[in-house]
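File shown here: model11.cif, holding mmCIF, C-alpha atoms.
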data_final
#
loop_
_atom_site.group_PDB
_atom_site.id
_atom_site.type_symbol
_atom_site.label_atom_id
_atom_site.label_comp_id
_atom_site.auth_asym_id
_atom_site.auth_seq_id
_atom_site.Cartn_x
_atom_site.Cartn_y
_atom_site.Cartn_z
ATOM 1 C CA MET L 1 233.130 2.121 169.767
ATOM 2 C CA SER L 2 231.607 -0.015 172.534
ATOM 3 C CA ARG L 3 233.383 -0.454 175.833
ATOM 4 C CA LYS L 4 235.057 -3.820 176.131
ATOM 5 C CA PRO L 5 234.103 -5.969 179.125
ATOM 6 C CA ALA L 6 236.528 -5.900 182.040
ATOM 7 C CA PRO L 7 238.722 -8.991 182.225
ATOM 8 C CA LYS L 8 238.162 -11.359 185.117
ATOM 9 C CA ARG L 9 241.016 -11.869 187.553
ATOM 10 C CA PRO L 10 242.686 -15.133 186.450
ATOM 11 C CA GLY L 11 242.752 -18.110 188.784
ATOM 12 C CA PRO L 12 245.994 -19.656 190.036
ATOM 13 C CA SER L 13 248.174 -21.327 187.425
ATOM 14 C CA LYS L 14 248.678 -25.072 187.873
ATOM 15 C CA SER L 15 252.141 -25.213 186.342
ATOM 16 C CA PRO L 16 253.911 -21.826 186.170
ATOM 17 C CA ASP L 17 256.934 -21.529 183.961
ATOM 18 C CA PRO L 18 260.143 -21.805 186.072
ATOM 19 C CA ALA L 19 261.572 -18.660 184.468
ATOM 20 C CA GLU L 20 258.444 -16.690 185.401
ATOM 21 C CA VAL L 21 258.578 -17.951 188.988
ATOM 22 C CA THR L 22 262.234 -16.924 189.261
ATOM 23 C CA ARG L 23 261.447 -13.466 187.863
ATOM 24 C CA THR L 24 258.590 -12.808 190.295
ATOM 25 C CA GLN L 25 260.654 -14.054 193.234
ATOM 26 C CA ASP L 26 263.430 -11.695 192.169
ATOM 27 C CA LEU L 27 260.987 -8.777 192.101
ATOM 28 C CA ALA L 28 259.807 -9.641 195.599
ATOM 29 C CA ALA L 29 263.371 -9.899 196.884
ATOM 30 C CA ARG L 30 264.211 -6.409 195.627
ATOM 31 C CA LEU L 31 261.383 -4.585 197.390
ATOM 32 C CA PRO L 32 262.311 -1.719 199.757
ATOM 33 C CA SER L 33 264.856 -2.598 202.427
ATOM 34 C CA VAL L 34 264.411 -1.907 206.115
ATOM 35 C CA PRO L 35 265.825 1.439 207.322
ATOM 36 C CA PRO L 36 268.854 1.019 209.634
ATOM 37 C CA ALA L 37 266.995 2.270 212.697
ATOM 38 C CA PRO L 38 263.259 2.560 213.474
ATOM 39 C CA GLY L 39 262.201 6.186 213.492
ATOM 40 C CA GLU L 40 265.232 7.388 211.573
ATOM 41 C CA HIS L 41 263.159 7.833 208.417
ATOM 42 C CA PRO L 42 259.671 8.992 209.523
ATOM 43 C CA ASP L 43 258.479 9.194 205.909
ATOM 44 C CA HIS L 44 259.457 5.614 205.066
ATOM 45 C CA ALA L 45 255.904 4.261 205.321
ATOM 46 C CA ALA L 46 254.785 6.870 202.771
ATOM 47 C CA THR L 47 257.776 6.074 200.553
ATOM 48 C CA ILE L 48 257.038 2.357 200.237
ATOM 49 C CA PRO L 49 253.968 2.793 197.944
ATOM 50 C CA LEU L 50 255.956 5.142 195.712
ATOM 51 C CA VAL L 51 258.811 2.664 195.384
ATOM 52 C CA VAL L 52 256.474 -0.290 194.787
ATOM 53 C CA HIS L 53 254.429 1.606 192.179
ATOM 54 C CA ASP L 54 257.642 2.602 190.427
ATOM 55 C CA ARG L 55 258.887 -1.000 190.507
ATOM 56 C CA PHE L 56 255.739 -2.596 189.075
ATOM 57 C CA ALA L 57 254.406 0.387 187.060
ATOM 58 C CA PRO L 58 250.656 -0.467 187.001
ATOM 59 C CA ARG L 59 249.132 0.203 183.572
ATOM 60 C CA ASN L 60 245.449 0.268 184.446
ATOM 61 C CA GLY L 61 243.007 0.217 187.329
ATOM 62 C CA PHE L 62 243.081 -3.554 187.733
ATOM 63 C CA GLU L 63 246.855 -3.592 188.071
ATOM 64 C CA THR L 64 246.771 -0.588 190.416
ATOM 65 C CA VAL L 65 244.584 -2.512 192.870
ATOM 66 C CA LEU L 66 247.100 -5.367 192.940
ATOM 67 C CA VAL L 67 250.124 -3.060 193.210
ATOM 68 C CA GLU L 68 248.517 -1.192 196.107
ATOM 69 C CA GLU L 69 247.984 -4.539 197.826
ATOM 70 C CA ILE L 70 251.670 -5.372 197.291
ATOM 71 C CA ALA L 71 252.622 -2.003 198.782
ATOM 72 C CA ASP L 72 250.365 -2.514 201.815
ATOM 73 C CA LEU L 73 251.772 -5.984 202.496
ATOM 74 C CA THR L 74 255.304 -4.629 202.127
ATOM 75 C CA ARG L 75 254.555 -1.876 204.627
ATOM 76 C CA ARG L 76 253.186 -4.427 207.101
ATOM 77 C CA ILE L 77 256.296 -6.586 206.701
ATOM 78 C CA ARG L 78 258.619 -3.643 207.268
ATOM 79 C CA THR L 79 256.614 -2.494 210.306
ATOM 80 C CA ASP L 80 256.881 -5.919 211.935
ATOM 81 C CA GLU L 81 260.588 -6.125 211.102
ATOM 82 C CA HIS L 82 261.106 -2.738 212.739
ATOM 83 C CA ARG L 83 259.132 -3.859 215.767
ATOM 84 C CA MET L 84 261.180 -7.057 216.022
ATOM 85 C CA GLU L 85 264.473 -5.170 215.931
ATOM 86 C CA GLN L 86 263.194 -2.642 218.441
ATOM 87 C CA ILE L 87 262.097 -5.328 220.915
ATOM 88 C CA HIS L 88 265.502 -6.983 220.649
ATOM 89 C CA ARG L 89 267.385 -3.693 220.949
ATOM 90 C CA ILE L 90 265.489 -2.632 224.085
ATOM 91 C CA LYS L 91 266.088 -5.986 225.785
ATOM 92 C CA ARG L 92 269.772 -6.022 224.780
ATOM 93 C CA ASN L 93 270.244 -2.507 226.147
ATOM 94 C CA ASP L 94 268.529 -3.452 229.413
ATOM 95 C CA LEU L 95 270.878 -6.410 229.801
ATOM 96 C CA ALA L 96 273.910 -4.237 229.017
ATOM 97 C CA VAL L 97 272.908 -1.562 231.541
ATOM 98 C CA THR L 98 272.259 -4.159 234.234
ATOM 99 C CA ALA L 99 275.599 -5.897 233.634
ATOM 100 C CA LEU L 100 277.580 -2.642 233.512
ATOM 101 C CA THR L 101 275.896 -1.212 236.624
ATOM 102 C CA ARG L 102 276.554 -4.420 238.552
ATOM 103 C CA SER L 103 280.216 -4.383 237.532
ATOM 104 C CA LEU L 104 280.678 -0.692 238.373
ATOM 105 C CA THR L 105 279.055 -1.176 241.766
ATOM 106 C CA ALA L 106 281.351 -4.110 242.497
ATOM 107 C CA LYS L 107 284.351 -1.932 241.665
ATOM 108 C CA GLY L 108 283.159 0.820 243.986
ATOM 109 C CA ALA L 109 282.265 3.431 241.340
ATOM 110 C CA THR L 110 280.266 6.421 242.529
ATOM 111 C CA ALA L 111 276.629 6.852 241.521
ATOM 112 C CA GLU L 112 277.579 9.871 239.405
ATOM 113 C CA THR L 113 280.244 7.902 237.516
ATOM 114 C CA SER L 114 277.916 4.970 237.047
ATOM 115 C CA ASP L 115 275.092 7.152 235.688
ATOM 116 C CA ARG L 116 277.451 8.923 233.279
ATOM 117 C CA MET L 117 278.880 5.673 231.894
ATOM 118 C CA VAL L 118 275.437 4.139 231.523
ATOM 119 C CA ASP L 119 274.208 7.209 229.621
ATOM 120 C CA GLU L 120 277.231 7.059 227.303
ATOM 121 C CA LEU L 121 276.699 3.338 226.748
ATOM 122 C CA LEU L 122 273.022 3.752 225.873
ATOM 123 C CA ALA L 123 273.827 6.612 223.485
ATOM 124 C CA ALA L 124 276.368 4.430 221.677
ATOM 125 C CA LEU L 125 274.086 1.389 221.531
ATOM 126 C CA SER L 126 271.138 3.448 220.285
ATOM 127 C CA SER L 127 272.960 5.246 217.461
ATOM 128 C CA GLY L 128 272.928 2.254 215.102
ATOM 129 C CA GLY L 129 276.390 3.115 213.764
ATOM 130 C CA ALA L 130 279.125 0.496 213.473
ATOM 131 C CA LYS L 131 281.718 2.777 215.109
ATOM 132 C CA ASP L 132 279.463 3.525 218.091
ATOM 133 C CA ARG L 133 278.655 -0.162 218.512
ATOM 134 C CA GLN L 134 282.346 -0.952 218.560
ATOM 135 C CA GLU L 135 282.935 1.709 221.197
ATOM 136 C CA ALA L 136 280.103 0.257 223.289
ATOM 137 C CA SER L 137 281.562 -3.215 222.837
ATOM 138 C CA ASP L 138 285.005 -2.005 223.932
ATOM 139 C CA THR L 139 283.560 -0.247 226.987
ATOM 140 C CA LEU L 140 281.715 -3.381 228.085
ATOM 141 C CA ALA L 141 284.733 -5.575 227.381
ATOM 142 C CA ARG L 142 286.818 -3.542 229.861
ATOM 143 C CA TYR L 143 284.419 -4.787 232.532
ATOM 144 C CA GLY L 144 284.365 -8.384 231.300
ATOM 145 C CA ILE L 145 281.036 -8.060 229.447
ATOM 146 C CA ASP L 146 280.597 -9.503 225.926
ATOM 147 C CA LEU L 147 278.179 -7.474 223.759
ATOM 148 C CA ASP L 148 277.693 -10.315 221.264
ATOM 149 C CA GLN L 149 276.689 -12.588 224.122
ATOM 150 C CA LEU L 150 274.194 -9.979 225.309
ATOM 151 C CA ASP L 151 272.755 -9.867 221.788
ATOM 152 C CA ALA L 152 272.227 -13.644 221.865
ATOM 153 C CA GLN L 153 270.692 -13.516 225.333
ATOM 154 C CA ALA L 154 268.309 -10.782 224.219
ATOM 155 C CA TRP L 155 267.085 -12.873 221.261
ATOM 156 C CA VAL L 156 266.430 -15.795 223.610
ATOM 157 C CA ALA L 157 264.634 -13.579 226.137
ATOM 158 C CA CYS L 158 262.400 -12.141 223.382
ATOM 159 C CA ALA L 159 261.809 -15.482 221.647
ATOM 160 C CA GLY L 160 258.050 -15.481 222.255
ATOM 161 C CA TYR L 161 257.491 -12.021 220.778
ATOM 162 C CA ILE L 162 259.940 -12.656 217.936
ATOM 163 C CA GLU L 163 258.268 -15.927 216.954
ATOM 164 C CA GLN L 164 254.860 -14.252 216.764
ATOM 165 C CA LEU L 165 256.216 -11.459 214.568
ATOM 166 C CA ASN L 166 258.072 -13.965 212.390
ATOM 167 C CA ARG L 167 254.811 -15.817 211.763
ATOM 168 C CA GLN L 168 253.091 -12.566 210.805
ATOM 169 C CA ILE L 169 255.949 -11.616 208.475
ATOM 170 C CA ALA L 170 255.980 -15.059 206.848
ATOM 171 C CA GLY L 171 252.226 -14.856 206.249
ATOM 172 C CA CYS L 172 252.518 -11.406 204.655
ATOM 173 C CA ARG L 173 255.408 -12.574 202.464
ATOM 174 C CA ARG L 174 253.335 -15.495 201.178
ATOM 175 C CA GLN L 175 250.392 -13.195 200.453
ATOM 176 C CA ARG L 176 252.637 -10.672 198.715
ATOM 177 C CA GLN L 177 254.211 -13.346 196.523
ATOM 178 C CA GLN L 178 250.745 -14.578 195.537
ATOM 179 C CA VAL L 179 249.642 -11.046 194.587
ATOM 180 C CA ILE L 180 252.816 -10.540 192.533
ATOM 181 C CA GLU L 181 252.071 -13.784 190.682
ATOM 182 C CA ASP L 182 248.452 -12.668 190.178
ATOM 183 C CA LEU L 183 249.747 -9.437 188.641
ATOM 184 C CA GLU L 184 252.024 -11.349 186.279
ATOM 185 C CA ARG L 185 249.179 -13.671 185.239
ATOM 186 C CA LEU L 186 246.893 -10.693 184.648
ATOM 187 C CA ARG L 187 249.499 -9.101 182.382
ATOM 188 C CA ARG L 188 250.074 -12.332 180.468
ATOM 189 C CA ALA L 189 246.317 -12.773 179.990
ATOM 190 C CA ALA L 190 245.943 -9.181 178.782
ATOM 191 C CA ALA L 191 248.802 -9.605 176.302
ATOM 192 C CA ARG L 192 247.453 -12.932 175.058
ATOM 193 C CA ASP L 193 243.855 -11.738 174.619
ATOM 194 C CA GLY L 194 244.735 -8.291 173.300
ATOM 195 C CA ILE L 195 242.856 -6.513 176.084
ATOM 196 C CA ALA L 196 243.257 -2.749 175.943
ATOM 197 C CA ASP L 197 244.268 -0.730 178.984
ATOM 198 C CA ALA L 198 241.287 0.855 180.727
ATOM 199 C CA GLU L 199 242.594 4.316 179.894
ATOM 200 C CA ASP L 200 242.660 3.478 176.186
ATOM 201 C CA VAL L 201 239.034 2.359 175.942
ATOM 202 C CA THR L 202 236.648 5.022 174.681
ATOM 203 C CA ASP L 203 232.950 5.076 173.801
#
Using structure tokens, write down the structure that the file contains.
Amino acid sequence: MSRKPAPKRPGPSKSPDPAEVTRTQDLAARLPSVPPAPGEHPDHAATIPLVVHDRFAPRNGFETVLVEEIADLTRRIRTDEHRMEQIHRIKRNDLAVTALTRSLTAKGATAETSDRMVDELLAALSSGGAKDRQEASDTLARYGIDLDQLDAQAWVACAGYIEQLNRQIAGCRRQRQQVIEDLERLRRAAARDGIADAEDVTD
């Protein structure tokens, strides 16, 4: 049996079926979510390809190339999202420490008391837990400081960095959606033309 020629990667479809578009968008929306705190899951970057391969289940070498591209774009998106959250968190914490220190100084707190309260505040803000955030919010509120307002101020202060990362994320999302659609078109073409999987072709 002669080896069948490899199929060419199909060009973009001019009028995709609405149901197919909805299905591919749904697949993209259900890709791995961002971990609650950067660094909490050090193996997450290695997990993303496993999850993406499981989701799309490539059936031959051509599909594997596309799925690996989807996984790489997903990893880049998650990395930028982590970086965005980290930039905001660091700025918010700086604002909180500055506001709390200023208030404690005005009330005549000792340096030892001030350092201890700041350390406790940073530990609560850095944990990522809802209970710890509430405790941090309550601590700041006792000194007339609004944590939600600090969050908003931090986003404004980091606007330049955030906007750049948002543009990068948007670009990766567009590329990933295009690759997902390419994968769907490749599968439709293979089913329509009766092209065998690469693993099933023998001499």
_Could you tell me, as a list in words, exactly which residues end up selected when the PyMOL selection byres ((chain L and resi 150) around 10) is applied to this structure?_
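When the PyMOL selection byres ((chain L and resi 150) around 10) is applied to the shown file, the picked residues are Lys91, Arg92, Asn93, Asp94, Leu95, Ala96, Ala99, Ile145, Asp146, Leu147, Asp148, Gln149, Asp151, Ala152, Gln153, Ala154, Trp155 and Val156 of chain L.
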_Let me make sure I understand: among L:Asn60, L:Thr47, L:Thr139, L:Thr98, which one has the smallest atom-to-atom distance to Thr74 of chain L if we use all atoms listed in the file?_
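Checking each of L:Asn60, L:Thr47, L:Thr139, L:Thr98 against Thr74 of chain L, counting all atoms listed in the file, the winner is L:Thr47.
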Here's the selection I'm unsure about, the PyMOL selection byres ((chain L and resi 182-186) around 7); applied to the file above, which residues does it give, as a CSV table (one decimal) with C-alpha atoms, keeping the file's coordinate frame?
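The new file result_11.csv reads:
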chain,number,residue,atom,x,y,z
L,9,ARG,CA,241.0,-11.9,187.6
L,10,PRO,CA,242.7,-15.1,186.4
L,63,GLU,CA,246.9,-3.6,188.1
L,66,LEU,CA,247.1,-5.4,192.9
L,178,GLN,CA,250.7,-14.6,195.5
L,179,VAL,CA,249.6,-11.0,194.6
L,180,ILE,CA,252.8,-10.5,192.5
L,181,GLU,CA,252.1,-13.8,190.7
L,187,ARG,CA,249.5,-9.1,182.4
L,188,ARG,CA,250.1,-12.3,180.5
L,189,ALA,CA,246.3,-12.8,180.0
L,190,ALA,CA,245.9,-9.2,178.8
Selection: 12 Å around Asn166 of chain L, all atoms listed in the file, excl. self and same-chain fewer than 4 positions, as a JSON list (two decimals) with C-alpha atoms, in the frame of the given file:
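Output file out_20.json follows:
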[["chain", "number", "residue", "atom", "x", "y", "z"],
["L", 76, "ARG", "CA", 253.19, -4.43, 207.10],
["L", 77, "ILE", "CA", 256.30, -6.59, 206.70],
["L", 78, "ARG", "CA", 258.62, -3.64, 207.27],
["L", 79, "THR", "CA", 256.61, -2.49, 210.31],
["L", 80, "ASP", "CA", 256.88, -5.92, 211.94],
["L", 81, "GLU", "CA", 260.59, -6.12, 211.10],
["L", 82, "HIS", "CA", 261.11, -2.74, 212.74],
["L", 83, "ARG", "CA", 259.13, -3.86, 215.77],
["L", 84, "MET", "CA", 261.18, -7.06, 216.02],
["L", 85, "GLU", "CA", 264.47, -5.17, 215.93],
["L", 158, "CYS", "CA", 262.40, -12.14, 223.38],
["L", 159, "ALA", "CA", 261.81, -15.48, 221.65],
["L", 160, "GLY", "CA", 258.05, -15.48, 222.26],
["L", 161, "TYR", "CA", 257.49, -12.02, 220.78],
["L", 162, "ILE", "CA", 259.94, -12.66, 217.94],
["L", 170, "ALA", "CA", 255.98, -15.06, 206.85],
["L", 171, "GLY", "CA", 252.23, -14.86, 206.25],
["L", 172, "CYS", "CA", 252.52, -11.41, 204.66],
["L", 173, "ARG", "CA", 255.41, -12.57, 202.46]]
*Point out the residue among L:Arg55, L:Leu100, L:Ser126, L:Val65 with the least atom-to-atom distance to Thr113 of chain L, counting only C-alpha atoms.*
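Checking each candidate against Thr113 of chain L, we get L:Leu100 as the closest.
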_Exercise: Ala46 of chain L partners within 10 Å, all atoms listed in the file, chain neighbours under 5 positions left out, as number ranges by chain_ = L: 51, 71, 75
*asked:* With distances taken over only C-alpha atoms, which residue among L:Leu121, L:Ile48, L:Ala157, L:Ala130 lies nearest Val97 of chain L?
replied: L:Leu121
*When you draw a straight line from atom CA of Gln164 of chain L to atom CA of Ile90 of chain L, how long is it in Å?*
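It comes out at 17.4 Å.
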*Write out as a PyMOL selection string each polymer residue whose atoms come within 7 Å of Ala124 of chain L, counting only C-alpha atoms; drop sequence neighbours fewer than 5 positions from it.*
chain L and resi 132-133+136
_Residue contacts of Gly144 of chain L (9 Å, all atoms listed in the file) excluding same-chain residues fewer than 3 positions away, as a ChimeraX atom specification_ = /L:103,140-141
Create the file for the chosen residues now, containing C-alpha atoms and written as a tab-separated table (two decimals), keeping the file's coordinate frame.
chain	number	residue	atom	x	y	z
L	103	SER	CA	280.22	-4.38	237.53
L	140	LEU	CA	281.71	-3.38	228.08
L	141	ALA	CA	284.73	-5.58	227.38
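Atom CA of Ile87 of chain L is positioned 22.9 Å from atom CA of Met117 of chain L.
The residue that comes closest to Thr64 of chain L, out of L:Gln168, L:Pro49, L:Ala109, L:Leu104 and on the basis of only C-alpha atoms, is L:Pro49.
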Could I see segment 119-141 of chain L restored to N, CA, C and O atoms, set down as a PDB file, in the frame of the given file?
ATOM      1  N   ASP L 119     274.756   6.310 230.645  1.00  0.00           N
ATOM      2  CA  ASP L 119     274.208   7.209 229.621  1.00  0.00           C
ATOM      3  C   ASP L 119     275.034   7.151 228.336  1.00  0.00           C
ATOM      4  O   ASP L 119     274.476   7.124 227.234  1.00  0.00           O
ATOM      5  N   GLU L 120     276.352   7.134 228.476  1.00  0.00           N
ATOM      6  CA  GLU L 120     277.231   7.059 227.303  1.00  0.00           C
ATOM      7  C   GLU L 120     277.054   5.727 226.578  1.00  0.00           C
ATOM      8  O   GLU L 120     277.045   5.674 225.342  1.00  0.00           O
ATOM      9  N   LEU L 121     276.897   4.657 227.350  1.00  0.00           N
ATOM     10  CA  LEU L 121     276.699   3.338 226.748  1.00  0.00           C
ATOM     11  C   LEU L 121     275.399   3.280 225.960  1.00  0.00           C
ATOM     12  O   LEU L 121     275.362   2.804 224.815  1.00  0.00           O
ATOM     13  N   LEU L 122     274.319   3.769 226.551  1.00  0.00           N
ATOM     14  CA  LEU L 122     273.022   3.752 225.873  1.00  0.00           C
ATOM     15  C   LEU L 122     273.040   4.606 224.606  1.00  0.00           C
ATOM     16  O   LEU L 122     272.446   4.232 223.591  1.00  0.00           O
ATOM     17  N   ALA L 123     273.729   5.752 224.666  1.00  0.00           N
ATOM     18  CA  ALA L 123     273.827   6.612 223.485  1.00  0.00           C
ATOM     19  C   ALA L 123     274.546   5.887 222.365  1.00  0.00           C
ATOM     20  O   ALA L 123     274.139   5.953 221.195  1.00  0.00           O
ATOM     21  N   ALA L 124     275.613   5.159 222.698  1.00  0.00           N
ATOM     22  CA  ALA L 124     276.368   4.430 221.677  1.00  0.00           C
ATOM     23  C   ALA L 124     275.556   3.267 221.109  1.00  0.00           C
ATOM     24  O   ALA L 124     275.527   3.046 219.890  1.00  0.00           O
ATOM     25  N   LEU L 125     274.871   2.543 221.984  1.00  0.00           N
ATOM     26  CA  LEU L 125     274.086   1.389 221.531  1.00  0.00           C
ATOM     27  C   LEU L 125     272.872   1.807 220.706  1.00  0.00           C
ATOM     28  O   LEU L 125     272.403   1.052 219.863  1.00  0.00           O
ATOM     29  N   SER L 126     272.356   2.990 220.956  1.00  0.00           N
ATOM     30  CA  SER L 126     271.138   3.448 220.285  1.00  0.00           C
ATOM     31  C   SER L 126     271.419   4.135 218.955  1.00  0.00           C
ATOM     32  O   SER L 126     270.482   4.372 218.185  1.00  0.00           O
ATOM     33  N   SER L 127     272.663   4.482 218.680  1.00  0.00           N
ATOM     34  CA  SER L 127     272.960   5.246 217.461  1.00  0.00           C
ATOM     35  C   SER L 127     272.802   4.420 216.193  1.00  0.00           C
ATOM     36  O   SER L 127     272.477   4.948 215.132  1.00  0.00           O
ATOM     37  N   GLY L 128     273.035   3.103 216.282  1.00  0.00           N
ATOM     38  CA  GLY L 128     272.928   2.254 215.102  1.00  0.00           C
ATOM     39  C   GLY L 128     274.168   2.252 214.234  1.00  0.00           C
ATOM     40  O   GLY L 128     274.236   1.502 213.253  1.00  0.00           O
ATOM     41  N   GLY L 129     275.167   3.062 214.556  1.00  0.00           N
ATOM     42  CA  GLY L 129     276.390   3.115 213.764  1.00  0.00           C
ATOM     43  C   GLY L 129     277.378   2.043 214.175  1.00  0.00           C
ATOM     44  O   GLY L 129     277.462   1.671 215.349  1.00  0.00           O
ATOM     45  N   ALA L 130     278.156   1.553 213.197  1.00  0.00           N
ATOM     46  CA  ALA L 130     279.125   0.496 213.473  1.00  0.00           C
ATOM     47  C   ALA L 130     280.217   0.982 214.428  1.00  0.00           C
ATOM     48  O   ALA L 130     280.662   0.246 215.320  1.00  0.00           O
ATOM     49  N   LYS L 131     280.667   2.233 214.251  1.00  0.00           N
ATOM     50  CA  LYS L 131     281.718   2.777 215.109  1.00  0.00           C
ATOM     51  C   LYS L 131     281.239   2.892 216.554  1.00  0.00           C
ATOM     52  O   LYS L 131     281.964   2.531 217.491  1.00  0.00           O
ATOM     53  N   ASP L 132     280.004   3.386 216.739  1.00  0.00           N
ATOM     54  CA  ASP L 132     279.463   3.525 218.091  1.00  0.00           C
ATOM     55  C   ASP L 132     279.261   2.169 218.745  1.00  0.00           C
ATOM     56  O   ASP L 132     279.494   2.001 219.945  1.00  0.00           O
ATOM     57  N   ARG L 133     278.826   1.182 217.951  1.00  0.00           N
ATOM     58  CA  ARG L 133     278.655  -0.162 218.512  1.00  0.00           C
ATOM     59  C   ARG L 133     279.996  -0.714 218.971  1.00  0.00           C
ATOM     60  O   ARG L 133     280.083  -1.354 220.020  1.00  0.00           O
ATOM     61  N   GLN L 134     281.027  -0.463 218.175  1.00  0.00           N
ATOM     62  CA  GLN L 134     282.346  -0.952 218.560  1.00  0.00           C
ATOM     63  C   GLN L 134     282.822  -0.289 219.840  1.00  0.00           C
ATOM     64  O   GLN L 134     283.413  -0.935 220.714  1.00  0.00           O
ATOM     65  N   GLU L 135     282.555   1.003 219.968  1.00  0.00           N
ATOM     66  CA  GLU L 135     282.935   1.709 221.197  1.00  0.00           C
ATOM     67  C   GLU L 135     282.184   1.139 222.404  1.00  0.00           C
ATOM     68  O   GLU L 135     282.762   0.963 223.489  1.00  0.00           O
ATOM     69  N   ALA L 136     280.888   0.851 222.202  1.00  0.00           N
ATOM     70  CA  ALA L 136     280.103   0.257 223.289  1.00  0.00           C
ATOM     71  C   ALA L 136     280.651  -1.121 223.651  1.00  0.00           C
ATOM     72  O   ALA L 136     280.754  -1.478 224.829  1.00  0.00           O
ATOM     73  N   SER L 137     281.003  -1.885 222.610  1.00  0.00           N
ATOM     74  CA  SER L 137     281.562  -3.215 222.837  1.00  0.00           C
ATOM     75  C   SER L 137     282.874  -3.138 223.612  1.00  0.00           C
ATOM     76  O   SER L 137     283.120  -3.923 224.534  1.00  0.00           O
ATOM     77  N   ASP L 138     283.715  -2.171 223.242  1.00  0.00           N
ATOM     78  CA  ASP L 138     285.005  -2.005 223.932  1.00  0.00           C
ATOM     79  C   ASP L 138     284.805  -1.594 225.386  1.00  0.00           C
ATOM     80  O   ASP L 138     285.512  -2.067 226.285  1.00  0.00           O
ATOM     81  N   THR L 139     283.840  -0.684 225.616  1.00  0.00           N
ATOM     82  CA  THR L 139     283.560  -0.247 226.987  1.00  0.00           C
ATOM     83  C   THR L 139     283.120  -1.421 227.848  1.00  0.00           C
ATOM     84  O   THR L 139     283.609  -1.619 228.967  1.00  0.00           O
ATOM     85  N   LEU L 140     282.204  -2.229 227.333  1.00  0.00           N
ATOM     86  CA  LEU L 140     281.715  -3.381 228.085  1.00  0.00           C
ATOM     87  C   LEU L 140     282.826  -4.409 228.297  1.00  0.00           C
ATOM     88  O   LEU L 140     282.918  -5.024 229.375  1.00  0.00           O
ATOM     89  N   ALA L 141     283.660  -4.583 227.280  1.00  0.00           N
ATOM     90  CA  ALA L 141     284.733  -5.575 227.381  1.00  0.00           C
ATOM     91  C   ALA L 141     285.708  -5.238 228.511  1.00  0.00           C
ATOM     92  O   ALA L 141     286.273  -6.142 229.149  1.00  0.00           O
TER      93      ALA L 141
END
